$ cat protein28.cif   # mmCIF, C-alpha atoms and all ligand atoms
data_data
#
loop_
_atom_site.label_atom_id
_atom_site.label_comp_id
_atom_site.auth_asym_id
_atom_site.auth_seq_id
_atom_site.Cartn_x
_atom_site.Cartn_y
_atom_site.Cartn_z
CA MET A 1 181.75 90.07 -182.16
CA ARG A 2 180.03 92.48 -179.80
CA GLU A 3 180.69 96.17 -180.57
CA GLU A 4 181.61 97.89 -177.30
CA ARG A 5 180.59 101.36 -178.45
CA PRO A 6 176.87 102.10 -178.47
CA VAL A 7 175.96 103.32 -181.97
CA ILE A 8 174.74 106.91 -181.64
CA ALA A 9 171.77 107.72 -183.90
CA LEU A 10 172.55 111.20 -185.28
CA ASP A 11 168.88 112.05 -185.80
CA LEU A 12 169.53 115.79 -186.11
CA PRO A 13 168.39 118.25 -188.78
CA SER A 14 171.69 119.62 -190.13
CA LYS A 15 175.48 119.29 -190.21
CA LYS A 16 175.61 122.33 -187.95
CA ALA A 17 173.47 120.57 -185.34
CA ILE A 18 175.72 117.50 -185.56
CA GLU A 19 178.83 119.64 -185.12
CA ALA A 20 177.30 121.23 -182.02
CA PHE A 21 176.36 117.79 -180.68
CA LEU A 22 179.81 116.28 -181.30
CA ALA A 23 181.46 119.24 -179.58
CA HIS A 24 180.32 117.63 -176.29
CA PHE A 25 182.68 114.69 -176.94
CA PRO A 26 186.48 114.63 -176.59
CA SER A 27 187.88 115.48 -180.04
CA ASP A 28 190.00 112.30 -180.21
CA GLU A 29 187.14 109.93 -179.28
CA SER A 30 186.27 107.64 -182.17
CA LEU A 31 182.53 107.05 -182.18
CA TYR A 32 180.24 104.63 -184.00
CA VAL A 33 177.50 106.83 -185.42
CA LYS A 34 174.34 106.19 -187.37
CA VAL A 35 173.40 108.37 -190.33
CA GLY A 36 169.69 107.93 -190.95
CA MET A 37 167.05 109.40 -193.21
CA GLU A 38 166.65 112.68 -191.37
CA ILE A 39 170.19 113.90 -191.89
CA PHE A 40 170.99 112.02 -195.12
CA TYR A 41 168.08 113.59 -197.00
CA GLN A 42 169.30 117.04 -195.95
CA GLU A 43 173.05 116.77 -196.35
CA GLY A 44 173.53 113.82 -198.73
CA PRO A 45 176.61 111.61 -198.99
CA SER A 46 178.97 114.42 -197.93
CA ILE A 47 177.80 114.04 -194.31
CA VAL A 48 179.07 110.45 -194.42
CA SER A 49 182.50 111.32 -195.82
CA TRP A 50 182.86 114.13 -193.32
CA LEU A 51 182.08 111.87 -190.33
CA ILE A 52 184.52 109.24 -191.61
CA SER A 53 187.22 111.90 -192.09
CA GLU A 54 186.64 112.91 -188.44
CA GLY A 55 187.60 109.35 -187.41
CA HIS A 56 184.16 107.87 -186.80
CA ASP A 57 182.65 104.59 -188.02
CA VAL A 58 179.36 105.02 -189.85
CA PHE A 59 176.24 102.87 -190.00
CA LEU A 60 174.24 104.18 -192.97
CA ASP A 61 170.63 103.44 -192.09
CA LEU A 62 168.51 104.03 -195.19
CA LYS A 63 166.42 100.84 -194.89
CA LEU A 64 166.23 100.15 -198.61
CA HIS A 65 163.03 98.41 -199.75
CA ASP A 66 162.36 98.38 -203.50
CA ILE A 67 162.53 96.04 -206.49
CA PRO A 68 165.74 93.95 -206.60
CA ASN A 69 167.34 95.81 -209.51
CA THR A 70 166.84 99.24 -207.93
CA VAL A 71 168.24 98.09 -204.59
CA TYR A 72 171.21 96.47 -206.38
CA SER A 73 172.09 99.74 -208.14
CA ALA A 74 171.59 101.82 -205.00
CA MET A 75 173.86 99.50 -203.03
CA LYS A 76 176.58 99.79 -205.67
CA GLY A 77 176.56 103.52 -204.93
CA ILE A 78 176.44 103.10 -201.14
CA ALA A 79 179.46 100.78 -201.36
CA LYS A 80 181.59 103.72 -202.51
CA LEU A 81 180.91 105.80 -199.39
CA GLY A 82 183.19 103.87 -197.02
CA VAL A 83 180.53 103.03 -194.41
CA SER A 84 180.98 100.07 -192.05
CA LEU A 85 177.38 98.91 -191.99
CA THR A 86 174.16 99.46 -193.94
CA ASN A 87 170.66 97.97 -194.14
CA VAL A 88 167.58 96.94 -196.09
CA HIS A 89 164.08 95.75 -195.10
CA ALA A 90 163.79 91.94 -194.95
CA ALA A 91 160.19 92.39 -196.16
CA GLY A 92 161.70 93.21 -199.57
CA GLY A 93 162.32 89.49 -199.93
CA LYS A 94 165.17 87.06 -200.57
CA GLU A 95 165.85 88.12 -204.15
CA MET A 96 166.04 91.77 -203.11
CA MET A 97 168.41 90.98 -200.24
CA GLU A 98 170.67 88.87 -202.48
CA MET A 99 170.81 91.68 -205.02
CA ALA A 100 171.58 94.20 -202.27
CA TYR A 101 174.52 92.09 -201.17
CA LYS A 102 175.72 91.67 -204.75
CA GLY A 103 175.54 95.43 -205.29
CA LEU A 104 177.63 96.07 -202.19
CA GLN A 105 180.25 93.52 -203.21
CA GLU A 106 180.52 94.79 -206.77
CA GLY A 107 180.52 98.45 -205.79
CA THR A 108 183.18 98.32 -203.07
CA PRO A 109 186.43 99.80 -204.37
CA LYS A 110 189.40 97.39 -204.51
CA GLY A 111 191.34 97.25 -201.26
CA GLN A 112 188.39 98.39 -199.13
CA SER A 113 186.30 96.05 -197.01
CA VAL A 114 182.71 95.36 -198.02
CA PRO A 115 180.29 97.02 -195.55
CA LYS A 116 178.30 94.64 -193.37
CA LEU A 117 174.72 94.29 -194.55
CA ILE A 118 171.79 93.68 -192.22
CA ALA A 119 168.01 93.55 -192.66
CA VAL A 120 165.24 95.09 -190.58
CA THR A 121 162.87 92.38 -189.31
CA GLN A 122 160.05 94.23 -187.53
CA LEU A 123 160.70 97.82 -186.45
CA THR A 124 161.10 98.31 -182.70
CA SER A 125 158.18 100.76 -182.87
CA THR A 126 155.90 97.89 -183.95
CA SER A 127 153.85 95.86 -181.47
CA ASP A 128 152.51 92.30 -181.64
CA GLU A 129 149.03 93.76 -182.05
CA GLN A 130 150.09 95.81 -185.09
CA VAL A 131 151.74 92.79 -186.70
CA LYS A 132 148.50 90.83 -186.37
CA GLN A 133 145.97 93.55 -187.11
CA GLU A 134 147.73 95.87 -189.58
CA GLN A 135 150.11 93.50 -191.37
CA LEU A 136 147.72 90.53 -191.11
CA ILE A 137 150.56 88.27 -189.99
CA SER A 138 148.55 85.92 -187.79
CA VAL A 139 151.57 84.13 -186.27
CA GLY A 140 152.47 87.36 -184.46
CA LEU A 141 155.57 89.40 -183.87
CA ASN A 142 158.06 86.90 -182.44
CA GLU A 143 157.54 84.35 -185.17
CA SER A 144 157.60 87.02 -187.85
CA VAL A 145 160.92 88.36 -186.56
CA ARG A 146 162.40 84.85 -186.37
CA HIS A 147 161.20 84.04 -189.89
CA TYR A 148 162.72 87.22 -191.32
CA ALA A 149 166.00 86.50 -189.50
CA VAL A 150 166.25 82.99 -190.96
CA LEU A 151 165.36 84.35 -194.43
CA THR A 152 168.01 87.06 -194.05
CA GLN A 153 170.66 84.49 -193.21
CA ALA A 154 169.58 82.32 -196.14
CA SER A 155 170.02 85.40 -198.38
CA GLY A 156 173.69 85.64 -197.34
CA LEU A 157 173.48 88.80 -195.20
CA ASP A 158 175.43 89.39 -191.98
CA GLY A 159 172.52 89.87 -189.60
CA VAL A 160 169.37 91.71 -188.67
CA VAL A 161 167.91 94.74 -186.96
CA CYS A 162 165.54 93.55 -184.23
CA SER A 163 164.68 94.44 -180.67
CA ALA A 164 166.87 93.06 -177.90
CA HIS A 165 163.87 90.98 -176.79
CA GLU A 166 164.29 88.76 -179.84
CA ALA A 167 168.09 88.57 -180.01
CA LYS A 168 168.49 85.36 -178.00
CA ASP A 169 165.87 83.48 -180.02
CA ILE A 170 167.38 84.73 -183.29
CA LYS A 171 170.87 83.50 -182.37
CA GLN A 172 169.39 80.10 -181.51
CA HIS A 173 167.75 79.87 -184.94
CA THR A 174 170.69 81.29 -186.93
CA SER A 175 174.22 81.26 -185.50
CA ASP A 176 176.26 82.89 -182.71
CA ASP A 177 178.06 85.16 -185.14
CA PHE A 178 174.83 86.39 -186.80
CA VAL A 179 174.62 90.14 -186.09
CA CYS A 180 171.70 91.36 -183.95
CA LEU A 181 171.66 95.16 -184.02
CA THR A 182 169.14 96.37 -181.49
CA PRO A 183 167.65 99.88 -181.30
CA GLY A 184 164.98 100.70 -178.70
CA ILE A 185 167.58 100.90 -175.94
CA ARG A 186 166.68 102.83 -172.82
CA LEU A 187 168.11 103.19 -169.33
CA ALA A 188 165.47 102.47 -166.69
CA SER A 189 165.19 106.25 -166.15
CA ASN A 190 164.73 107.23 -169.84
CA ASP A 191 161.56 108.14 -171.76
CA VAL A 192 160.42 105.38 -174.13
CA GLY A 193 158.97 107.80 -176.74
CA ASP A 194 157.51 106.04 -179.82
CA GLN A 195 159.44 102.79 -179.24
CA LYS A 196 157.37 99.73 -178.26
CA ARG A 197 159.97 97.01 -177.68
CA VAL A 198 162.59 98.58 -175.41
CA MET A 199 165.32 97.14 -173.22
CA THR A 200 168.16 98.37 -171.00
CA PRO A 201 171.78 98.09 -172.20
CA SER A 202 172.67 95.43 -169.61
CA LYS A 203 169.66 93.26 -170.51
CA ALA A 204 170.48 93.69 -174.21
CA ARG A 205 173.98 92.39 -173.53
CA GLU A 206 172.59 89.40 -171.59
CA ASN A 207 170.25 88.64 -174.50
CA GLY A 208 173.09 88.59 -177.04
CA SER A 209 172.82 91.93 -178.90
CA THR A 210 175.86 92.59 -181.10
CA PHE A 211 175.27 96.35 -181.47
CA ILE A 212 172.99 98.67 -179.54
CA VAL A 213 171.67 101.83 -181.20
CA VAL A 214 170.79 104.82 -179.04
CA GLY A 215 169.41 108.16 -180.20
CA ARG A 216 167.34 110.50 -178.06
CA PRO A 217 168.62 109.33 -174.64
CA ILE A 218 172.01 110.75 -175.81
CA THR A 219 171.14 113.46 -178.35
CA LYS A 220 168.53 115.08 -176.11
CA ALA A 221 170.49 114.72 -172.85
CA GLU A 222 171.64 117.83 -171.03
CA ASN A 223 175.15 116.39 -171.06
CA PRO A 224 175.39 114.03 -174.06
CA TYR A 225 178.87 112.73 -173.22
CA THR A 226 177.85 111.73 -169.69
CA ALA A 227 174.70 110.08 -171.06
CA TYR A 228 176.83 108.23 -173.64
CA LEU A 229 179.29 107.02 -170.99
CA ASN A 230 176.49 105.85 -168.67
CA ILE A 231 174.97 103.78 -171.46
CA LYS A 232 178.37 102.54 -172.65
CA ASN A 233 179.37 101.47 -169.14
CA GLU A 234 176.14 99.62 -168.55
CA TRP A 235 176.42 97.95 -171.99
CA ASN A 236 179.94 96.77 -171.13
CA GLY A 237 178.99 95.59 -167.64
CA GLU A 238 181.11 98.26 -166.00
CA ASN A 239 178.47 99.80 -163.71
CA HIS A 240 179.14 99.17 -160.07
O1 LIG A 301 167.34 100.60 -188.38
C1 LIG A 301 167.31 101.27 -187.34
O2 LIG A 301 168.34 101.82 -186.95
C2 LIG A 301 166.09 101.23 -186.52
C3 LIG A 301 165.30 100.11 -186.65
C4 LIG A 301 164.25 99.87 -185.73
O3 LIG A 301 163.58 98.85 -185.78
N1 LIG A 301 164.02 100.81 -184.78
C5 LIG A 301 164.75 101.96 -184.67
O4 LIG A 301 164.49 102.74 -183.74
N2 LIG A 301 165.76 102.21 -185.57
C6 LIG A 301 166.51 103.48 -185.49
O5 LIG A 301 167.18 103.58 -184.24
C7 LIG A 301 167.12 104.91 -183.73
C8 LIG A 301 166.49 104.87 -182.35
O6 LIG A 301 166.43 106.16 -181.82
P1 LIG A 301 165.94 106.46 -180.34
O7 LIG A 301 164.57 105.86 -180.17
O8 LIG A 301 165.93 107.94 -180.26
O9 LIG A 301 166.95 105.81 -179.40
C9 LIG A 301 166.35 105.74 -184.74
O10 LIG A 301 167.30 106.43 -185.53
C10 LIG A 301 165.62 104.74 -185.61
O11 LIG A 301 165.53 105.16 -186.95
#

$ encode --input "protein28.cif" --output "structure tokens" --more "lines below"
Ligand SMILES: O=C(O)c1cc(=O)[nH]c(=O)n1[C@@H]1O[C@H](COP(=O)(O)O)[C@@H](O)[C@H]1O
Amino acid sequence: MREERPVIALDLPSKKAIEAFLAHFPSDESLYVKVGMEIFYQEGPSIVSWLISEGHDVFLDLKLHDIPNTVYSAMKGIAKLGVSLTNVHAAGGKEMMEMAYKGLQEGTPKGQSVPKLIAVTQLTSTSDEQVKQEQLISVGLNESVRHYAVLTQASGLDGVVCSAHEAKDIKQHTSDDFVCLTPGIRLASNDVGDQKRVMTPSKARENGSTFIVVGRPITKAENPYTAYLNIKNEWNGENH
């Protein structure tokens, strides 16, 4: 089911910076936030428990990619943190993804729900040219993304990270309820930055994204709450 709240990427250097950022939002507003490498490697798991205790849902984006046994053990630990969603790289392979899922299931404390698990196909900062020339995947980006999505589903995971450009094709080759979490979201007026495959919130909705992830257009905005609402309204088709 489509998540109505854009997931805010908390790509900030410290808990203090996150506190200052969240002060722009009404204190009773429950957000869906993403904890990624930048903040996790500074603050550790306590940043996750703090955000959850503040009433937010957390996507823990650590993009695990290692041998199956290491990913299995890491996921057993992640399962204890109470996050709603987490991820691995599909390039780690089917056995790694299956072990990641097993780790999450075994590590989740009784009575809690198992976090959703998704796999990164091709990063939204990657172009077709890079896929062909740097990764030597001659079939190109679209086919590589589709292949990873089908492999991810066959590994028992809930969905993938992809760009909104590929979401429609992925749903056709997997199923309607297969999660397509799409970063690289920009309003027509926003800077693209290092992203290559970008799309507006309304187009992402049309293409079947389940979640959109938005960082700098909100975190670097003069008024983050207004920027968040603009994106949220467009994502929910409420712009008139
Ligand atoms: O897994 C992710 O969240 C992710 C995958 C991907 O392919 N592309 C991508 O941009 N992301 C993350 O999504 C966020 C996008 O941030 P902005 O480009 O600032 O909106 C960053 O935190 C990235 O780490």

$ closest_residue --input "protein28.cif" --among "A:Gly93, A:Gly36, A:Pro6, A:Pro45" --to "Ala204 of chain A" --atoms "only C-alpha atoms"
A:Pro6

$ residues_around --input "protein28.cif" --residues "Ser209 of chain A" --least-positions-apart "4" --cutoff "7 Å" --atoms "all atoms listed in the file" --output "list in words"
Ala164, Ala167, Cys180, Leu181, Thr182, Ala204 and Arg205 of chain A

$ write_last_selection --input "protein28.cif" --atoms "C-alpha atoms" --output "PDB file, in the frame of the given file"
ATOM      1  CA  ALA A 164     166.870  93.060-177.900  1.00  0.00           C
ATOM      2  CA  ALA A 167     168.090  88.570-180.010  1.00  0.00           C
ATOM      3  CA  CYS A 180     171.700  91.360-183.950  1.00  0.00           C
ATOM      4  CA  LEU A 181     171.660  95.160-184.020  1.00  0.00           C
ATOM      5  CA  THR A 182     169.140  96.370-181.490  1.00  0.00           C
ATOM      6  CA  ALA A 204     170.480  93.690-174.210  1.00  0.00           C
ATOM      7  CA  ARG A 205     173.980  92.390-173.530  1.00  0.00           C
TER       8      ARG A 205
END

$ atom_distance --input "protein28.cif" --atom1 "atom CA of Leu81 of chain A" --atom2 "atom CA of Glu19 of chain A"
20.0 Å

$ closest_residue --input "protein28.cif" --among "A:Ala79, A:Leu123, A:Val192, A:Ala154" --to "ligand LIG 301 (chain A)" --atoms "only C-alpha atoms and all ligand atoms"
A:Leu123

$ residues_near_point --input "protein28.cif" --point "(169.6, 85.7, -189.7)" --cutoff "12 Å" --atoms "all atoms listed in the file" --output "number ranges by chain"
A: 90, 94, 97, 117-121, 145-162, 166-181

$ atom_distance --input "protein28.cif" --atom1 "atom CA of Ser144 of chain A" --atom2 "atom CA of Leu85 of chain A"
23.4 Å

$ closest_residue --input "protein28.cif" --among "A:Gly77, A:Gly92, A:Pro201, A:Pro183" --to "Trp235 of chain A" --atoms "all atoms listed in the file"
A:Pro201

$ closest_atom_pairs --input "protein28.cif" --of "chain A" --to "ligand LIG 301 (chain A)" --cutoff "10 Å" --atoms "all atoms listed in the file" --output "JSON lines"
{"residue": "A:Val7", "atom": "CA", "partner": "A:LIG301", "partner_atom": "O5", "distance": 9.1}
{"residue": "A:Ile8", "atom": "CA", "partner": "A:LIG301", "partner_atom": "C7", "distance": 8.2}
{"residue": "A:Ala9", "atom": "CA", "partner": "A:LIG301", "partner_atom": "O10", "distance": 4.9}
{"residue": "A:Leu10", "atom": "CA", "partner": "A:LIG301", "partner_atom": "O10", "distance": 7.1}
{"residue": "A:Asp11", "atom": "CA", "partner": "A:LIG301", "partner_atom": "O10", "distance": 5.8}
{"residue": "A:Leu12", "atom": "CA", "partner": "A:LIG301", "partner_atom": "O10", "distance": 9.6}
{"residue": "A:Lys34", "atom": "CA", "partner": "A:LIG301", "partner_atom": "O10", "distance": 7.3}
{"residue": "A:Val35", "atom": "CA", "partner": "A:LIG301", "partner_atom": "O10", "distance": 8.0}
{"residue": "A:Gly36", "atom": "CA", "partner": "A:LIG301", "partner_atom": "O10", "distance": 6.1}
{"residue": "A:Met37", "atom": "CA", "partner": "A:LIG301", "partner_atom": "O11", "distance": 7.7}
{"residue": "A:Glu38", "atom": "CA", "partner": "A:LIG301", "partner_atom": "O10", "distance": 8.6}
{"residue": "A:Phe59", "atom": "CA", "partner": "A:LIG301", "partner_atom": "O2", "distance": 8.5}
{"residue": "A:Leu60", "atom": "CA", "partner": "A:LIG301", "partner_atom": "O2", "distance": 8.8}
{"residue": "A:Asp61", "atom": "CA", "partner": "A:LIG301", "partner_atom": "O1", "distance": 5.7}
{"residue": "A:Leu62", "atom": "CA", "partner": "A:LIG301", "partner_atom": "O1", "distance": 7.7}
{"residue": "A:Lys63", "atom": "CA", "partner": "A:LIG301", "partner_atom": "O1", "distance": 6.6}
{"residue": "A:Thr86", "atom": "CA", "partner": "A:LIG301", "partner_atom": "O1", "distance": 8.9}
{"residue": "A:Asn87", "atom": "CA", "partner": "A:LIG301", "partner_atom": "O1", "distance": 7.1}
{"residue": "A:Val88", "atom": "CA", "partner": "A:LIG301", "partner_atom": "O1", "distance": 8.5}
{"residue": "A:His89", "atom": "CA", "partner": "A:LIG301", "partner_atom": "O1", "distance": 8.9}
{"residue": "A:Ile118", "atom": "CA", "partner": "A:LIG301", "partner_atom": "O1", "distance": 9.1}
{"residue": "A:Ala119", "atom": "CA", "partner": "A:LIG301", "partner_atom": "O1", "distance": 8.3}
{"residue": "A:Val120", "atom": "CA", "partner": "A:LIG301", "partner_atom": "O1", "distance": 6.3}
{"residue": "A:Thr121", "atom": "CA", "partner": "A:LIG301", "partner_atom": "O3", "distance": 7.4}
{"residue": "A:Gln122", "atom": "CA", "partner": "A:LIG301", "partner_atom": "O3", "distance": 6.1}
{"residue": "A:Leu123", "atom": "CA", "partner": "A:LIG301", "partner_atom": "O3", "distance": 3.1}
{"residue": "A:Thr124", "atom": "CA", "partner": "A:LIG301", "partner_atom": "O3", "distance": 4.0}
{"residue": "A:Ser125", "atom": "CA", "partner": "A:LIG301", "partner_atom": "N1", "distance": 6.1}
{"residue": "A:Thr126", "atom": "CA", "partner": "A:LIG301", "partner_atom": "O3", "distance": 8.0}
{"residue": "A:Val160", "atom": "CA", "partner": "A:LIG301", "partner_atom": "O1", "distance": 9.1}
{"residue": "A:Val161", "atom": "CA", "partner": "A:LIG301", "partner_atom": "C3", "distance": 6.0}
{"residue": "A:Cys162", "atom": "CA", "partner": "A:LIG301", "partner_atom": "O3", "distance": 5.9}
{"residue": "A:Ser163", "atom": "CA", "partner": "A:LIG301", "partner_atom": "O3", "distance": 6.8}
{"residue": "A:Leu181", "atom": "CA", "partner": "A:LIG301", "partner_atom": "O2", "distance": 8.0}
{"residue": "A:Thr182", "atom": "CA", "partner": "A:LIG301", "partner_atom": "C4", "distance": 7.4}
{"residue": "A:Pro183", "atom": "CA", "partner": "A:LIG301", "partner_atom": "O5", "distance": 4.7}
{"residue": "A:Gly184", "atom": "CA", "partner": "A:LIG301", "partner_atom": "O7", "distance": 5.4}
{"residue": "A:Ile185", "atom": "CA", "partner": "A:LIG301", "partner_atom": "O9", "distance": 6.0}
{"residue": "A:Arg186", "atom": "CA", "partner": "A:LIG301", "partner_atom": "O9", "distance": 7.2}
{"residue": "A:Asn190", "atom": "CA", "partner": "A:LIG301", "partner_atom": "O9", "distance": 9.9}
{"residue": "A:Asp191", "atom": "CA", "partner": "A:LIG301", "partner_atom": "O7", "distance": 9.2}
{"residue": "A:Val192", "atom": "CA", "partner": "A:LIG301", "partner_atom": "O7", "distance": 7.3}
{"residue": "A:Gly193", "atom": "CA", "partner": "A:LIG301", "partner_atom": "O7", "distance": 6.8}
{"residue": "A:Asp194", "atom": "CA", "partner": "A:LIG301", "partner_atom": "O7", "distance": 7.1}
{"residue": "A:Gln195", "atom": "CA", "partner": "A:LIG301", "partner_atom": "O7", "distance": 6.1}
{"residue": "A:Lys196", "atom": "CA", "partner": "A:LIG301", "partner_atom": "N1", "distance": 9.4}
{"residue": "A:Arg197", "atom": "CA", "partner": "A:LIG301", "partner_atom": "N1", "distance": 9.0}
{"residue": "A:Val198", "atom": "CA", "partner": "A:LIG301", "partner_atom": "O7", "distance": 8.9}
{"residue": "A:Ile212", "atom": "CA", "partner": "A:LIG301", "partner_atom": "O5", "distance": 8.9}
{"residue": "A:Val213", "atom": "CA", "partner": "A:LIG301", "partner_atom": "O5", "distance": 5.7}
{"residue": "A:Val214", "atom": "CA", "partner": "A:LIG301", "partner_atom": "O9", "distance": 4.0}
{"residue": "A:Gly215", "atom": "CA", "partner": "A:LIG301", "partner_atom": "O8", "distance": 3.5}
{"residue": "A:Arg216", "atom": "CA", "partner": "A:LIG301", "partner_atom": "O8", "distance": 3.7}
{"residue": "A:Pro217", "atom": "CA", "partner": "A:LIG301", "partner_atom": "O9", "distance": 6.2}
{"residue": "A:Ile218", "atom": "CA", "partner": "A:LIG301", "partner_atom": "O9", "distance": 7.9}
{"residue": "A:Thr219", "atom": "CA", "partner": "A:LIG301", "partner_atom": "O8", "distance": 7.8}
{"residue": "A:Lys220", "atom": "CA", "partner": "A:LIG301", "partner_atom": "O8", "distance": 8.7}

$ axis_aligned_box --input "protein28.cif" --around "segment 167-185 of chain A" --padding-each-side "4 Å" --output "lines of an AutoDock Vina configuration file"
center_x = 171.5
center_y = 90.4
center_z = -181.4
size_x = 21.1
size_y = 29.0
size_z = 19.0

$ residues_around --input "protein28.cif" --residues "Lys80 of chain A" --least-positions-apart "5" --cutoff "8 Å" --atoms "all atoms listed in the file" --output "list in words"
Gly107, Thr108 and Pro109 of chain A

$ atom_distance --input "protein28.cif" --atom1 "atom CA of Thr210 of chain A" --atom2 "atom CA of Ser49 of chain A"
24.7 Å

$ closest_residue --input "protein28.cif" --among "A:Leu31, A:Leu187, A:Glu143, A:Phe21" --to "Ser53 of chain A" --atoms "all atoms listed in the file"
A:Leu31

$ closest_residue --input "protein28.cif" --among "A:Val33, A:Ile78, A:Ala221, A:Ala100" --to "Val58 of chain A" --atoms "all atoms listed in the file"
A:Val33

$ residues_around --input "protein28.cif" --residues "Leu22 of chain A" --least-positions-apart "5" --cutoff "9 Å" --atoms "all atoms listed in the file" --output "PyMOL selection string"
chain A and resi 17+27+224-225

$ decode --input "protein28.cif" --residues "segment 45-62 of chain A" --atoms "C-alpha atoms" --output "mmCIF file, in the first residue's frame"
data_model
loop_
_atom_site.group_PDB
_atom_site.id
_atom_site.type_symbol
_atom_site.label_atom_id
_atom_site.label_comp_id
_atom_site.auth_asym_id
_atom_site.auth_seq_id
_atom_site.Cartn_x
_atom_site.Cartn_y
_atom_site.Cartn_z
ATOM 1 C CA PRO A 45 21.684 2.692 17.207
ATOM 2 C CA SER A 46 20.668 5.223 19.876
ATOM 3 C CA ILE A 47 19.615 7.685 17.146
ATOM 4 C CA VAL A 48 17.106 5.084 15.945
ATOM 5 C CA SER A 49 15.604 4.428 19.382
ATOM 6 C CA TRP A 50 15.377 8.148 20.047
ATOM 7 C CA LEU A 51 13.504 8.839 16.778
ATOM 8 C CA ILE A 52 11.106 5.966 17.481
ATOM 9 C CA SER A 53 10.512 7.249 21.023
ATOM 10 C CA GLU A 54 9.631 10.636 19.469
ATOM 11 C CA GLY A 55 6.816 8.909 17.542
ATOM 12 C CA HIS A 56 8.436 8.562 14.127
ATOM 13 C CA ASP A 57 8.680 5.541 11.824
ATOM 14 C CA VAL A 58 12.235 4.712 10.796
ATOM 15 C CA PHE A 59 13.684 3.333 7.565
ATOM 16 C CA LEU A 60 17.213 2.186 8.442
ATOM 17 C CA ASP A 61 19.166 2.563 5.216
ATOM 18 C CA LEU A 62 22.527 0.833 5.657
#
